[in-house]
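In what follows, a structure is listed as structure tokens, so that the remarks can point back to it.
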Amino acid sequence: MKRTSWAVRWVGLWATGVCFWTTGCAEPPRVVEQEAPEQLPSYGELVDRYNRNLDGVDRLWARAVVELEWEDEKGGHFEQGEGHLIVVLPDRVALSLGKLGKTMFWAGSDGQRYWLFDTRDDKSKLYLGRNDRPADLDENGKRVGFPIRPPELLKMLGIARIEPGVAAGGAVGWREGCYVIEPPGTSLRFHLDPQTARPRRIDLLDSQGNELVTARLSGWETMTLSGVGPGAYPRVATRFEVIEPARHGTMTLFLSDATDGRDEGRITSKVFDLQKLQEVFKPREIVDLDAPVERALVTP
């Protein structure tokens with residue numbers, strides 16, 4: 001079975017879809033169920049409201065702080081790193097994390113491929129896969145390895161629009177005081193605030209509709225856009241608590257100073273250029289995430 005180190009899996013979650021391999025069970029917060037309204041809005045109305053919240057958002061630059069908490073046979077652990085989250089929709093993303101000015105992880109996608117550079121020591125590694133390859137499944141039909149692909153990831157951050165598509169056939173439910181929709185073809189479940197249509201929670205689902213990964217979004221702040229006044233600034237979530245319900249561990253991502261990066265020229269193509277990143281980080285080993293069962297090593 002394909003495995004990656006614990007730290008690698010958590011860090012990569014937000015830029016390449018890495019999840020943990022641990023044991024135990026993380027309990028979601030208890031929520032008092034509210035009574036559903038007499039009449040639910042249509043699926044098309046909710047998707048339209050959701051997408052209007054993202055008017056003007058086609059890219060994002062933000063400072064990022066990540067806190068990791070987990071338990072293993074040695075007891076409880078806590079780690080923190082800081083860096084930047086950079087996104088160009090629909091499918092380019094980069095997340096850097098480090099300490100004391102040293103980059104420890106750099107994860108990202110260029111739309112076709114996704115990757116994670118682990119540069120914590122001299123034997124740096126590059127984990128590399130393709131977006132168009134089907135996710136690996138275990139004997140129970142669950143995704144393993146890197147289960148979240150970048151298009152899913154960007155939707156779980158609440159900054160990617162939902163395709164209206166088959167709006168007429170979409171169903172709307174009610175759970176935990178939220179409208180609930182599952183856009184066809186996404187393997188995602190959105191819990192939307194009834195007042196704002198912003199996501200409070202987004203779940204990645206397996207083929208049976210069970211939750212693989214849950215992201216709880218909060219701390220909504222304005223995102224600066226170039227060329228428009230403050231009254232037109234959208235609001236984005238700045239706190240993401242991420243858990244795997246079937247496993248033990250929590251990652252919390254904090255964003256600040258969110259902007260589209262245009263005025264400052266903060267977003268450049270080189271942050272999504274795999275070849276240039278390899279020249280910078282000089283990985284000693286490249287791990288092919290699409291190789292069956294045993295990881296194949298690819299010569300740079």
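By order of appearance in the structure tokens: chains A, B, ..., then residues from 1 within every chain, and ligands from 1 in the order shown.
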Extract, using only C-alpha atoms, all DNA, RNA and protein residues at most 7 Å from range 211-227 of chain A, discarding same-chain residues fewer than 5 positions from it, and format them as a PyMOL selection string. chain A and resi 156+199-206+233-245+258-260+262-263
Restricted to N, CA and C atoms, what would the selected residues look like written as an mmCIF file, in the first residue's frame?
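Written file, result.cif:
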```cif
data_model
loop_
_atom_site.group_PDB
_atom_site.id
_atom_site.type_symbol
_atom_site.label_atom_id
_atom_site.label_comp_id
_atom_site.auth_asym_id
_atom_site.auth_seq_id
_atom_site.Cartn_x
_atom_site.Cartn_y
_atom_site.Cartn_z
ATOM 1 N N MET A 156 -12.675 23.239 -1.847
ATOM 2 C CA MET A 156 -12.727 23.102 -0.393
ATOM 3 C C MET A 156 -12.206 24.339 0.321
ATOM 4 N N PRO A 199 -19.830 29.007 2.447
ATOM 5 C CA PRO A 199 -19.694 27.670 3.017
ATOM 6 C C PRO A 199 -19.214 27.706 4.466
ATOM 7 N N ARG A 200 -19.919 27.013 5.326
ATOM 8 C CA ARG A 200 -19.434 26.806 6.683
ATOM 9 C C ARG A 200 -18.603 25.530 6.767
ATOM 10 N N ARG A 201 -18.930 24.599 5.910
ATOM 11 C CA ARG A 201 -18.260 23.294 5.926
ATOM 12 C C ARG A 201 -18.301 22.703 4.524
ATOM 13 N N ILE A 202 -17.211 22.056 4.113
ATOM 14 C CA ILE A 202 -17.152 21.381 2.826
ATOM 15 C C ILE A 202 -16.535 20.002 3.055
ATOM 16 N N ASP A 203 -17.238 18.964 2.601
ATOM 17 C CA ASP A 203 -16.782 17.588 2.769
ATOM 18 C C ASP A 203 -16.351 16.999 1.437
ATOM 19 N N LEU A 204 -15.251 16.267 1.446
ATOM 20 C CA LEU A 204 -14.884 15.415 0.324
ATOM 21 C C LEU A 204 -15.436 14.026 0.611
ATOM 22 N N LEU A 205 -16.154 13.443 -0.351
ATOM 23 C CA LEU A 205 -16.883 12.193 -0.140
ATOM 24 C C LEU A 205 -16.249 11.044 -0.910
ATOM 25 N N ASP A 206 -16.438 9.826 -0.361
ATOM 26 C CA ASP A 206 -16.037 8.647 -1.112
ATOM 27 C C ASP A 206 -17.198 8.201 -1.991
ATOM 28 N N TYR A 233 -15.022 44.613 -2.556
ATOM 29 C CA TYR A 233 -14.128 43.526 -2.154
ATOM 30 C C TYR A 233 -14.945 42.309 -1.705
ATOM 31 N N PRO A 234 -14.590 41.130 -2.172
ATOM 32 C CA PRO A 234 -15.260 39.918 -1.689
ATOM 33 C C PRO A 234 -14.732 39.536 -0.311
ATOM 34 N N ARG A 235 -15.402 38.604 0.330
ATOM 35 C CA ARG A 235 -14.957 38.083 1.615
ATOM 36 C C ARG A 235 -14.547 36.626 1.428
ATOM 37 N N VAL A 236 -13.415 36.268 2.027
ATOM 38 C CA VAL A 236 -12.913 34.895 1.950
ATOM 39 C C VAL A 236 -12.680 34.377 3.361
ATOM 40 N N ALA A 237 -12.776 33.065 3.514
ATOM 41 C CA ALA A 237 -12.498 32.451 4.812
ATOM 42 C C ALA A 237 -11.009 32.573 5.110
ATOM 43 N N THR A 238 -10.669 32.814 6.380
ATOM 44 C CA THR A 238 -9.269 32.920 6.777
ATOM 45 C C THR A 238 -8.879 31.861 7.797
ATOM 46 N N ARG A 239 -9.830 31.012 8.198
ATOM 47 C CA ARG A 239 -9.514 29.922 9.121
ATOM 48 C C ARG A 239 -10.161 28.635 8.615
ATOM 49 N N PHE A 240 -9.345 27.598 8.487
ATOM 50 C CA PHE A 240 -9.808 26.307 7.986
ATOM 51 C C PHE A 240 -9.355 25.229 8.965
ATOM 52 N N GLU A 241 -10.321 24.534 9.544
ATOM 53 C CA GLU A 241 -10.000 23.393 10.391
ATOM 54 C C GLU A 241 -10.295 22.133 9.592
ATOM 55 N N VAL A 242 -9.296 21.297 9.418
ATOM 56 C CA VAL A 242 -9.396 20.155 8.530
ATOM 57 C C VAL A 242 -9.173 18.868 9.310
ATOM 58 N N ILE A 243 -10.089 17.928 9.156
ATOM 59 C CA ILE A 243 -9.945 16.637 9.812
ATOM 60 C C ILE A 243 -10.308 15.525 8.844
ATOM 61 N N GLU A 244 -9.765 14.354 9.103
ATOM 62 C CA GLU A 244 -10.251 13.125 8.500
ATOM 63 C C GLU A 244 -11.095 12.441 9.570
ATOM 64 N N PRO A 245 -12.410 12.350 9.392
ATOM 65 C CA PRO A 245 -13.256 11.780 10.442
ATOM 66 C C PRO A 245 -12.847 10.376 10.856
ATOM 67 N N ALA A 258 -5.082 38.734 2.506
ATOM 68 C CA ALA A 258 -5.520 38.165 1.237
ATOM 69 C C ALA A 258 -5.711 39.255 0.185
ATOM 70 N N THR A 259 -5.191 39.005 -0.997
ATOM 71 C CA THR A 259 -5.272 39.961 -2.094
ATOM 72 C C THR A 259 -5.218 39.199 -3.410
ATOM 73 N N ASP A 260 -5.566 39.876 -4.524
ATOM 74 C CA ASP A 260 -5.389 39.227 -5.821
ATOM 75 C C ASP A 260 -3.952 39.357 -6.316
ATOM 76 N N ARG A 262 -2.276 41.601 -7.810
ATOM 77 C CA ARG A 262 -1.961 42.271 -9.079
ATOM 78 C C ARG A 262 -1.155 43.549 -8.860
ATOM 79 N N ASP A 263 -1.577 44.378 -7.918
ATOM 80 C CA ASP A 263 -0.882 45.652 -7.723
ATOM 81 C C ASP A 263 0.555 45.448 -7.268
#
```
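Within the 7 Å cut-off around Leu54 in chain A, using only C-alpha atoms and omitting residues fewer than 3 positions from it on the same chain, the listed residues are Asn51, Val57, Ile159, Arg161 and Pro234 of chain A.
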Output N, CA and C atoms for every residue in that selection, as a PDB file, in the first residue's frame.
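Okay, again_11.pdb is ready:
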```pdb
ATOM      1  N   ASN A  51     -21.907  31.658  -6.089  1.00  0.00           N
ATOM      2  CA  ASN A  51     -20.975  32.178  -7.078  1.00  0.00           C
ATOM      3  C   ASN A  51     -20.883  33.695  -7.047  1.00  0.00           C
ATOM      4  N   VAL A  57     -13.039  37.193  -8.061  1.00  0.00           N
ATOM      5  CA  VAL A  57     -11.983  36.326  -7.524  1.00  0.00           C
ATOM      6  C   VAL A  57     -11.524  35.356  -8.626  1.00  0.00           C
ATOM      7  N   ILE A 159     -13.035  29.146  -2.658  1.00  0.00           N
ATOM      8  CA  ILE A 159     -12.710  30.263  -3.552  1.00  0.00           C
ATOM      9  C   ILE A 159     -12.939  29.924  -5.015  1.00  0.00           C
ATOM     10  N   ARG A 161     -15.604  28.735  -8.028  1.00  0.00           N
ATOM     11  CA  ARG A 161     -17.023  28.745  -8.338  1.00  0.00           C
ATOM     12  C   ARG A 161     -17.550  27.335  -8.563  1.00  0.00           C
ATOM     13  N   PRO A 234     -14.590  41.130  -2.172  1.00  0.00           N
ATOM     14  CA  PRO A 234     -15.260  39.918  -1.689  1.00  0.00           C
ATOM     15  C   PRO A 234     -14.732  39.536  -0.311  1.00  0.00           C
TER      16      PRO A 234
END
```
Can you tell me, as number ranges by chain, which residues in range 49-85 of chain A count as strand (DSSP E or B) by DSSP? A: 59-72, 75-85
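When only C-alpha atoms are used to measure the gap to Met251 in chain A, the shortest distance among A:Gly229, A:Gly75, A:Gly173, A:Gly81 belongs to A:Gly81.
The coordinates place CA of Leu154 in chain A at 8.2 Å from CA of Leu89 in chain A.
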